[in-house]
>>> print(open('target22.csv').read())   # CSV, C-alpha atoms and all ligand atoms
chain,number,residue,atom,x,y,z
A,102,MET,CA,-31.0,165.7,36.5
A,103,ILE,CA,-28.6,164.6,33.8
A,104,LEU,CA,-28.3,167.0,30.9
A,105,PHE,CA,-26.2,166.4,27.8
A,106,PHE,CA,-24.9,168.2,24.7
A,107,THR,CA,-23.5,166.2,21.9
A,108,GLY,CA,-22.4,166.5,18.3
A,109,THR,CA,-21.6,162.9,17.4
A,110,GLY,CA,-22.9,160.9,20.2
A,111,ASN,CA,-20.0,160.3,22.6
A,112,SER,CA,-21.4,162.5,25.3
A,113,GLU,CA,-24.9,161.1,24.9
A,114,TYR,CA,-23.3,157.6,25.3
A,115,ALA,CA,-21.6,158.7,28.6
A,116,ALA,CA,-24.8,160.4,29.8
A,117,ARG,CA,-26.9,157.3,29.1
A,118,ARG,CA,-24.4,155.0,30.9
A,119,ILE,CA,-24.4,157.3,33.9
A,120,GLY,CA,-28.2,157.5,33.7
A,121,ARG,CA,-28.5,153.7,33.9
A,122,ALA,CA,-26.2,153.6,37.0
A,123,VAL,CA,-28.0,156.3,38.9
A,124,GLY,CA,-31.5,155.5,37.7
A,125,GLU,CA,-32.2,158.6,35.7
A,126,THR,CA,-33.1,159.3,32.1
A,127,PRO,CA,-30.7,161.9,30.6
A,128,VAL,CA,-32.2,164.9,28.8
A,129,SER,CA,-30.7,166.5,25.7
A,130,LEU,CA,-30.0,170.2,25.9
A,131,ALA,CA,-30.5,170.5,22.1
A,132,PRO,CA,-34.2,171.5,22.2
A,133,ARG,CA,-33.4,174.4,24.6
A,134,LEU,CA,-30.4,175.5,22.7
A,135,ARG,CA,-32.3,175.4,19.4
A,136,THR,CA,-35.0,177.7,20.7
A,137,GLY,CA,-32.9,179.8,23.1
A,138,ASP,CA,-35.1,178.5,26.0
A,139,VAL,CA,-33.4,179.5,29.3
A,140,SER,CA,-36.4,179.0,31.5
A,141,PRO,CA,-35.6,177.6,35.0
A,142,LEU,CA,-34.9,174.0,35.5
A,143,GLU,CA,-35.7,172.0,38.7
A,144,SER,CA,-34.0,168.9,40.0
A,145,GLY,CA,-34.2,167.0,43.3
A,146,THR,CA,-31.1,165.1,42.4
A,147,PRO,CA,-27.6,166.5,41.6
A,148,TRP,CA,-27.1,168.1,38.3
A,149,VAL,CA,-24.8,166.2,35.9
A,150,PHE,CA,-23.7,168.0,32.7
A,151,CYS,CA,-22.3,165.7,30.0
A,152,ALA,CA,-20.6,167.4,27.1
A,153,PRO,CA,-17.7,167.2,24.7
A,154,THR,CA,-14.5,169.2,25.3
A,155,TYR,CA,-13.8,172.0,22.9
A,156,ALA,CA,-10.4,173.7,23.1
A,157,TRP,CA,-9.8,172.3,26.6
A,158,ARG,CA,-13.0,173.6,28.0
A,159,MET,CA,-16.7,172.8,28.1
A,160,PRO,CA,-18.3,174.1,24.9
A,161,ARG,CA,-19.2,177.8,25.3
A,162,VAL,CA,-22.8,177.2,24.1
A,163,VAL,CA,-23.2,174.9,27.1
A,164,SER,CA,-21.4,177.0,29.7
A,165,GLU,CA,-23.3,180.1,28.5
A,166,HIS,CA,-26.6,178.2,28.7
A,167,ILE,CA,-25.9,177.0,32.2
A,168,ALA,CA,-24.9,180.5,33.2
A,169,ALA,CA,-28.2,181.9,31.8
A,170,THR,CA,-30.5,179.1,33.3
A,171,GLU,CA,-31.7,179.2,36.9
A,172,LEU,CA,-31.0,175.7,38.4
A,173,ARG,CA,-33.6,175.1,41.2
A,174,GLY,CA,-33.6,172.5,43.8
A,175,ASN,CA,-30.4,170.5,44.3
A,176,LYS,CA,-27.3,172.6,44.6
A,177,ASP,CA,-24.7,169.9,43.6
A,178,VAL,CA,-23.2,170.0,40.1
A,179,TYR,CA,-21.1,167.3,38.4
A,180,PHE,CA,-19.4,167.7,35.0
A,181,VAL,CA,-18.6,164.8,32.7
A,182,LEU,CA,-16.5,166.0,29.7
A,183,THR,CA,-15.8,163.5,26.9
A,184,CYS,CA,-12.6,164.3,25.0
A,185,GLY,CA,-10.3,163.0,22.3
A,186,GLY,CA,-7.2,163.5,24.6
A,187,ASP,CA,-7.6,165.7,27.6
A,188,THR,CA,-9.7,168.4,29.2
A,189,GLY,CA,-6.8,170.8,30.1
A,190,ASN,CA,-7.9,173.1,32.9
A,191,ALA,CA,-11.6,172.8,32.1
A,192,GLU,CA,-12.2,172.0,35.8
A,193,LYS,CA,-11.3,175.6,36.8
A,194,TYR,CA,-13.9,177.1,34.6
A,195,CYS,CA,-16.6,174.7,35.6
A,196,ARG,CA,-15.8,175.3,39.3
A,197,ARG,CA,-16.0,179.1,38.6
A,198,LEU,CA,-19.3,178.7,36.8
A,199,CYS,CA,-20.7,176.9,39.9
A,200,GLU,CA,-19.4,179.6,42.2
A,201,GLU,CA,-21.0,182.3,40.2
A,202,LYS,CA,-24.3,180.5,40.3
A,203,GLY,CA,-24.2,179.8,44.0
A,204,MET,CA,-24.0,176.0,43.2
A,205,ARG,CA,-21.6,173.4,44.7
A,206,PHE,CA,-19.0,172.1,42.3
A,207,ARG,CA,-18.6,168.4,42.9
A,208,GLY,CA,-16.0,167.7,40.3
A,209,LEU,CA,-15.3,167.0,36.7
A,210,ALA,CA,-14.7,163.5,35.1
A,211,PRO,CA,-12.6,163.6,31.9
A,212,ILE,CA,-13.6,160.7,29.7
A,213,VAL,CA,-11.4,159.9,26.7
A,214,MET,CA,-13.6,158.9,23.8
A,215,PRO,CA,-13.0,158.7,20.0
A,216,GLU,CA,-11.8,161.9,18.4
A,217,ASN,CA,-14.6,163.5,16.3
A,218,TYR,CA,-13.0,166.8,15.1
A,219,ILE,CA,-12.6,165.9,11.5
A,220,ALA,CA,-12.4,169.5,10.4
A,221,MET,CA,-8.9,169.5,11.9
A,222,PHE,CA,-7.9,165.9,12.8
A,223,SER,CA,-8.9,162.4,11.8
A,224,ALA,CA,-11.5,160.1,13.5
A,225,PRO,CA,-10.5,156.5,14.3
A,226,ALA,CA,-11.8,153.5,12.3
A,227,GLU,CA,-14.8,151.7,13.8
A,228,ASP,CA,-12.8,148.9,15.5
A,229,GLU,CA,-10.4,151.4,17.1
A,230,ALA,CA,-13.4,153.6,18.1
A,231,ARG,CA,-15.0,150.6,19.8
A,232,ARG,CA,-11.7,149.8,21.7
A,233,VAL,CA,-11.5,153.5,22.9
A,234,ILE,CA,-15.1,153.3,24.1
A,235,ALA,CA,-14.5,150.0,25.9
A,236,ALA,CA,-11.6,151.6,27.7
A,237,ALA,CA,-13.8,154.5,28.6
A,238,ASP,CA,-16.5,152.4,30.1
A,239,PRO,CA,-14.9,151.7,33.5
A,240,LYS,CA,-14.0,155.4,33.8
A,241,ILE,CA,-17.6,156.4,33.1
A,242,ASP,CA,-18.8,153.7,35.6
A,243,ALA,CA,-16.4,154.9,38.3
A,244,ALA,CA,-17.7,158.5,37.9
A,245,ALA,CA,-21.3,157.2,38.0
A,246,GLU,CA,-20.6,155.4,41.2
A,247,LEU,CA,-19.2,158.5,42.9
A,248,ILE,CA,-22.2,160.5,41.6
A,249,ARG,CA,-24.6,157.8,42.8
A,250,SER,CA,-23.1,157.8,46.3
A,251,GLY,CA,-23.0,161.6,46.5
A,252,ALA,CA,-19.1,161.8,46.7
A,253,ASP,CA,-16.8,164.3,45.0
A,254,LEU,CA,-15.1,163.3,41.8
A,255,PRO,CA,-11.3,163.2,42.2
A,256,PRO,CA,-9.3,166.3,41.1
A,257,VAL,CA,-8.2,166.1,37.4
A,258,LYS,CA,-4.5,165.4,36.7
A,259,LYS,CA,-3.3,168.3,34.5
A,260,SER,CA,-0.4,168.7,32.1
A,261,PRO,CA,2.0,171.7,32.6
A,262,LEU,CA,0.4,173.4,29.6
A,263,ALA,CA,-3.2,172.9,30.8
A,264,GLY,CA,-3.6,176.5,32.0
A,265,LEU,CA,-2.4,178.0,28.8
A,266,LEU,CA,-4.5,175.7,26.6
A,267,SER,CA,-7.8,176.4,28.4
A,268,ALA,CA,-7.2,180.1,28.6
A,269,ALA,CA,-5.3,181.8,25.7
A,270,VAL,CA,-5.4,178.9,23.3
A,271,ASN,CA,-9.2,178.5,23.9
A,272,LYS,CA,-9.8,182.2,23.3
A,273,GLY,CA,-7.7,182.1,20.0
A,274,PHE,CA,-9.4,178.9,18.9
A,275,TYR,CA,-12.9,180.4,19.3
A,276,ALA,CA,-11.9,183.6,17.5
A,277,SER,CA,-10.4,181.7,14.5
A,278,ALA,CA,-11.9,178.2,14.2
A,279,ILE,CA,-15.4,178.3,15.4
A,280,LYS,CA,-17.3,179.3,12.3
A,281,ASP,CA,-19.4,177.7,9.7
A,282,SER,CA,-18.4,179.7,6.6
A,283,LYS,CA,-16.3,176.8,5.2
A,284,TYR,CA,-19.2,174.2,5.2
A,285,TYR,CA,-20.7,173.3,1.9
A,286,SER,CA,-22.7,170.5,0.4
A,287,THR,CA,-21.6,168.6,-2.7
A,288,ASP,CA,-23.8,167.2,-5.5
A,289,ALA,CA,-23.9,163.9,-3.5
A,290,CYS,CA,-26.5,165.7,-1.3
A,291,VAL,CA,-29.8,163.8,-1.3
A,292,SER,CA,-31.8,166.6,0.3
A,293,CYS,CA,-32.8,164.4,3.2
A,294,GLY,CA,-32.6,167.3,5.7
A,295,LEU,CA,-30.9,165.2,8.4
A,296,CYS,CA,-28.1,167.8,8.8
A,297,ALA,CA,-30.8,170.4,9.7
A,298,GLU,CA,-32.7,168.1,11.9
A,299,SER,CA,-29.7,166.9,13.8
A,300,CYS,CA,-28.0,170.3,14.3
A,301,PRO,CA,-28.2,170.8,18.1
A,302,LEU,CA,-28.2,174.6,17.6
A,303,GLY,CA,-30.8,174.7,14.8
A,304,ASN,CA,-28.2,176.5,12.7
A,305,ILE,CA,-29.0,174.8,9.4
A,306,THR,CA,-32.0,175.4,7.1
A,307,MET,CA,-32.8,173.7,3.8
A,308,LYS,CA,-33.0,176.0,0.8
A,309,ASP,CA,-33.7,174.5,-2.6
A,310,GLY,CA,-33.0,171.1,-1.1
A,311,ARG,CA,-29.6,172.0,0.1
A,312,PRO,CA,-28.3,172.9,3.6
A,313,VAL,CA,-27.5,176.6,4.4
A,314,TRP,CA,-25.5,177.3,7.6
A,315,GLY,CA,-26.8,180.3,9.6
A,316,GLY,CA,-23.6,181.6,11.4
A,317,LYS,CA,-24.2,180.3,14.9
A,318,CYS,CA,-22.3,177.1,14.5
A,319,THR,CA,-20.2,175.6,17.3
A,320,GLN,CA,-18.3,173.1,15.2
A,321,CYS,CA,-19.9,170.0,16.8
A,322,MET,CA,-19.4,167.9,13.7
A,323,SER,CA,-23.0,166.6,13.7
A,324,CYS,CA,-23.9,167.7,10.2
A,325,ILE,CA,-20.7,166.6,8.5
A,326,CYS,CA,-20.5,163.3,10.4
A,327,ARG,CA,-24.2,162.3,10.3
A,328,CYS,CA,-24.8,163.0,6.6
A,329,PRO,CA,-25.8,159.7,5.1
A,330,ALA,CA,-24.4,160.6,1.7
A,331,GLU,CA,-21.1,162.1,3.1
A,332,ALA,CA,-22.1,165.2,1.0
A,333,ILE,CA,-20.9,167.8,3.5
A,334,GLU,CA,-17.3,169.1,3.5
A,335,PHE,CA,-15.4,171.7,5.5
A,336,GLY,CA,-13.1,173.6,3.2
A,337,THR,CA,-10.4,171.3,2.1
A,338,LYS,CA,-9.9,169.7,5.5
A,339,SER,CA,-12.5,167.0,5.5
A,340,ALA,CA,-12.2,165.5,2.0
A,341,GLY,CA,-11.7,161.8,2.1
A,342,LYS,CA,-11.8,161.6,5.9
A,343,ARG,CA,-13.8,159.0,7.8
A,344,ARG,CA,-17.0,160.4,9.3
A,345,TYR,CA,-17.5,159.5,13.0
A,346,VAL,CA,-20.7,158.9,14.9
A,347,CYS,CA,-20.5,157.0,18.2
A,348,PRO,CA,-21.2,153.4,17.2
A,349,GLU,CA,-22.8,152.6,20.6
A,350,VAL,CA,-25.8,155.1,20.4
A,401,LIG,C1,-14.5,171.9,17.9
A,401,LIG,C2,-13.9,170.7,18.6
A,401,LIG,C3,-12.9,171.0,19.6
A,401,LIG,C4,-12.3,169.9,20.3
A,401,LIG,N1,-11.4,170.2,21.2
A,401,LIG,C5,-10.9,169.1,22.0
A,401,LIG,C6,-9.9,169.4,23.0
A,401,LIG,O1,-9.5,170.5,23.3
A,401,LIG,N2,-9.4,168.3,23.7
A,401,LIG,C7,-9.8,167.1,23.4
A,401,LIG,O2,-9.3,166.1,24.1
A,401,LIG,N3,-10.7,166.8,22.5
A,401,LIG,C8,-11.3,167.8,21.7
A,401,LIG,N4,-12.2,167.5,20.8
A,401,LIG,C9,-12.7,166.1,20.6
A,401,LIG,C10,-14.1,165.9,21.3
A,401,LIG,O3,-14.1,166.6,22.6
A,401,LIG,C11,-14.4,164.4,21.5
A,401,LIG,O4,-14.3,163.7,20.4
A,401,LIG,C12,-15.8,164.3,22.1
A,401,LIG,O5,-15.9,163.0,22.7
A,401,LIG,C13,-16.9,164.5,21.1
A,401,LIG,O6,-18.2,164.4,21.8
A,401,LIG,P1,-19.6,164.3,21.1
A,401,LIG,O7,-19.5,163.0,20.2
A,401,LIG,O8,-20.5,164.1,22.3
A,401,LIG,O9,-19.8,165.5,20.3
A,401,LIG,C14,-12.8,168.6,20.0
A,401,LIG,C15,-13.8,168.3,19.1
A,401,LIG,C16,-14.3,169.4,18.4
A,401,LIG,C17,-15.4,169.1,17.4
>>> encode(input="target22.csv", output="structure tokens")
Amino acid sequence: MILFFTGTGNSEYAARRIGRAVGETPVSLAPRLRTGDVSPLESGTPWVFCAPTYAWRMPRVVSEHIAATELRGNKDVYFVLTCGGDTGNAEKYCRRLCEEKGMRFRGLAPIVMPENYIAMFSAPAEDEARRVIAAADPKIDAAAELIRSGADLPPVKKSPLAGLLSAAVNKGFYASAIKDSKYYSTDACVSCGLCAESCPLGNITMKDGRPVWGGKCTQCMSCICRCPAEAIEFGTKSAGKRRYVCPEV
């Protein structure tokens, strides 16, 4: 079973491409995350989790959901983490998660995709984004082929700082940056509700035609990037920045 979490479409793109190669239709984790549904899942084929990289690890909402969910049937687990640059030492934590669940860790594929974290950095222009995605395609395909044939994914090459980034920096990042208190909508808001509909955590409600954030945000960038009126901002960080949604999904 291929399960994906996405804010702006990159990880869904990777999941769909792998799905085509292995003959499976990927399933979004969003409905389960929105409702807190941790009922058991069952799969006869290996588990493939596709997600973005947040602070050099799998997003906590995803790892906590996997930890809380009984995975029945097949014992093999693959991870495909899309990222803007690198996944640090994410592999270690995915391996540990598998060990704790009595599952077999079969490897992690880091896939460089366009950067989407516009609350801190900038997203590439569309032509550059398409170039980055085209460069990612063979890497996704190589991972898909290994998954299809039941092989391990190769070990991830790590920078000397990877351990620190995925441990202390990840912890500090969650404590300081993962919050929704700086989101607001401008008068450009057209009250369409797409921000609320597309939030994978169900964290946004519409009040008097405007979005209200509920405090369980994971900074996935879905609301700010998918708003058709570009009416959502994050403090002073996002003003004038290009919004990013994967152009291939
Ligand atoms: C909160 C946040 C943290 C991020 N941290 C990292 C990171 O540590 N390393 C990295 O290479 N990219 C990082 N990124 C970039 C995303 O992982 C990357 O753009 C990913 O492909 C987005 O996937 P999605 O479109 O499926 O949401 C971060 C993005 C966000 C929003």
>>> residues_near_ligand(input="target22.csv", ligand="ligand LIG 401 (chain A)", cutoff="6 Å", atoms="only C-alpha atoms and all ligand atoms", output="list of chain:residue names")
A:Thr107, A:Gly108, A:Thr109, A:Gly110, A:Asn111, A:Ser112, A:Glu113, A:Ala152, A:Pro153, A:Thr154, A:Tyr155, A:Ala156, A:Trp157, A:Thr183, A:Cys184, A:Gly185, A:Gly186, A:Asp187, A:Thr188, A:Met214, A:Pro215, A:Glu216, A:Asn217, A:Tyr218, A:Gln320, A:Cys321, A:Met322
>>> closest_residue(input="target22.csv", among="A:Ser260, A:Ser144, A:Ser250, A:Ser339", to="Ser286 in chain A", atoms="only C-alpha atoms")
A:Ser339
>>> atom_distance(input="target22.csv", atom1="CA of Pro225 in chain A", atom2="CA of Leu302 in chain A")
25.5 Å
>>> closest_residue(input="target22.csv", among="A:Pro127, A:Gly137, A:Ala116, A:Ala245", to="Leu182 in chain A", atoms="all atoms listed in the file")
A:Ala116
>>> residues_around(input="target22.csv", residues="Ala131 in chain A", least_positions_apart="2", cutoff="7 Å", atoms="only C-alpha atoms", output="list of chain:residue names")
A:Phe106, A:Ser129, A:Arg133, A:Leu134, A:Arg135, A:Pro301, A:Leu302
>>> atom_distance(input="target22.csv", atom1="CA of Val139 in chain A", atom2="CA of Val257 in chain A")
29.7 Å
>>> atom_distance(input="target22.csv", atom1="CA of Arg158 in chain A", atom2="CA of Asn190 in chain A")
7.1 Å
>>> closest_residue(input="target22.csv", among="A:Pro132, A:Gly264, A:Gly174, A:Gly294", to="Pro329 in chain A", atoms="only C-alpha atoms")
A:Gly294
>>> residues_around(input="target22.csv", residues="Tyr275 in chain A", least_positions_apart="2", cutoff="12 Å", atoms="all atoms listed in the file", output="JSON, numbers by chain")
{"A": [155, 156, 157, 158, 160, 161, 162, 267, 268, 269, 270, 271, 272, 273, 277, 278, 279, 280, 281, 318, 319, 320]}
>>> residues_around(input="target22.csv", residues="Pro256 in chain A", least_positions_apart="4", cutoff="10 Å", atoms="only C-alpha atoms", output="ChimeraX atom specification")
/A:192,207-210
>>> write_last_selection(input="target22.csv", atoms="C-alpha atoms", output="PDB file, keeping the file's coordinate frame")
ATOM      1  CA  GLU A 192     -12.200 172.000  35.800  1.00  0.00           C
ATOM      2  CA  ARG A 207     -18.600 168.400  42.900  1.00  0.00           C
ATOM      3  CA  GLY A 208     -16.000 167.700  40.300  1.00  0.00           C
ATOM      4  CA  LEU A 209     -15.300 167.000  36.700  1.00  0.00           C
ATOM      5  CA  ALA A 210     -14.700 163.500  35.100  1.00  0.00           C
TER       6      ALA A 210
END
>>> closest_residue(input="target22.csv", among="A:Arg117, A:Met102, A:Glu298, A:Val123", to="Arg173 in chain A", atoms="all atoms listed in the file")
A:Met102
>>> decode(input="target22.csv", residues="range 126-140 of chain A", atoms="N, CA and C atoms", output="mmCIF file, in the first residue's frame")
data_model
loop_
_atom_site.group_PDB
_atom_site.id
_atom_site.type_symbol
_atom_site.label_atom_id
_atom_site.label_comp_id
_atom_site.auth_asym_id
_atom_site.auth_seq_id
_atom_site.Cartn_x
_atom_site.Cartn_y
_atom_site.Cartn_z
ATOM 1 N N THR A 126 -2.650 2.146 -6.635
ATOM 2 C CA THR A 126 -3.147 3.519 -6.532
ATOM 3 C C THR A 126 -2.822 4.062 -5.143
ATOM 4 N N PRO A 127 -2.033 5.138 -5.076
ATOM 5 C CA PRO A 127 -1.671 5.676 -3.749
ATOM 6 C C PRO A 127 -2.881 6.243 -3.014
ATOM 7 N N VAL A 128 -2.787 6.206 -1.697
ATOM 8 C CA VAL A 128 -3.877 6.677 -0.846
ATOM 9 C C VAL A 128 -3.366 7.848 -0.002
ATOM 10 N N SER A 129 -4.150 8.922 0.047
ATOM 11 C CA SER A 129 -3.766 10.080 0.860
ATOM 12 C C SER A 129 -4.016 9.791 2.341
ATOM 13 N N LEU A 130 -3.083 10.221 3.165
ATOM 14 C CA LEU A 130 -3.265 10.083 4.618
ATOM 15 C C LEU A 130 -4.163 11.182 5.178
ATOM 16 N N ALA A 131 -4.446 12.207 4.363
ATOM 17 C CA ALA A 131 -5.153 13.384 4.882
ATOM 18 C C ALA A 131 -6.492 13.052 5.563
ATOM 19 N N PRO A 132 -7.360 12.214 4.966
ATOM 20 C CA PRO A 132 -8.639 11.952 5.647
ATOM 21 C C PRO A 132 -8.447 11.351 7.036
ATOM 22 N N ARG A 133 -7.442 10.492 7.190
ATOM 23 C CA ARG A 133 -7.184 9.903 8.512
ATOM 24 C C ARG A 133 -6.623 10.942 9.469
ATOM 25 N N LEU A 134 -5.734 11.795 8.960
ATOM 26 C CA LEU A 134 -5.137 12.816 9.821
ATOM 27 C C LEU A 134 -6.180 13.851 10.235
ATOM 28 N N ARG A 135 -7.073 14.168 9.319
ATOM 29 C CA ARG A 135 -8.096 15.185 9.628
ATOM 30 C C ARG A 135 -9.028 14.717 10.735
ATOM 31 N N THR A 136 -9.288 13.403 10.768
ATOM 32 C CA THR A 136 -10.265 12.896 11.736
ATOM 33 C C THR A 136 -9.608 12.188 12.916
ATOM 34 N N GLY A 137 -8.276 12.059 12.873
ATOM 35 C CA GLY A 137 -7.591 11.340 13.954
ATOM 36 C C GLY A 137 -7.866 9.844 13.916
ATOM 37 N N ASP A 138 -8.151 9.339 12.710
ATOM 38 C CA ASP A 138 -8.473 7.918 12.547
ATOM 39 C C ASP A 138 -7.183 7.082 12.548
ATOM 40 N N VAL A 139 -6.979 6.314 13.608
ATOM 41 C CA VAL A 139 -5.792 5.456 13.666
ATOM 42 C C VAL A 139 -6.204 3.976 13.673
ATOM 43 N N SER A 140 -7.328 3.698 12.998
ATOM 44 C CA SER A 140 -7.753 2.296 12.904
ATOM 45 C C SER A 140 -6.714 1.514 12.096
#
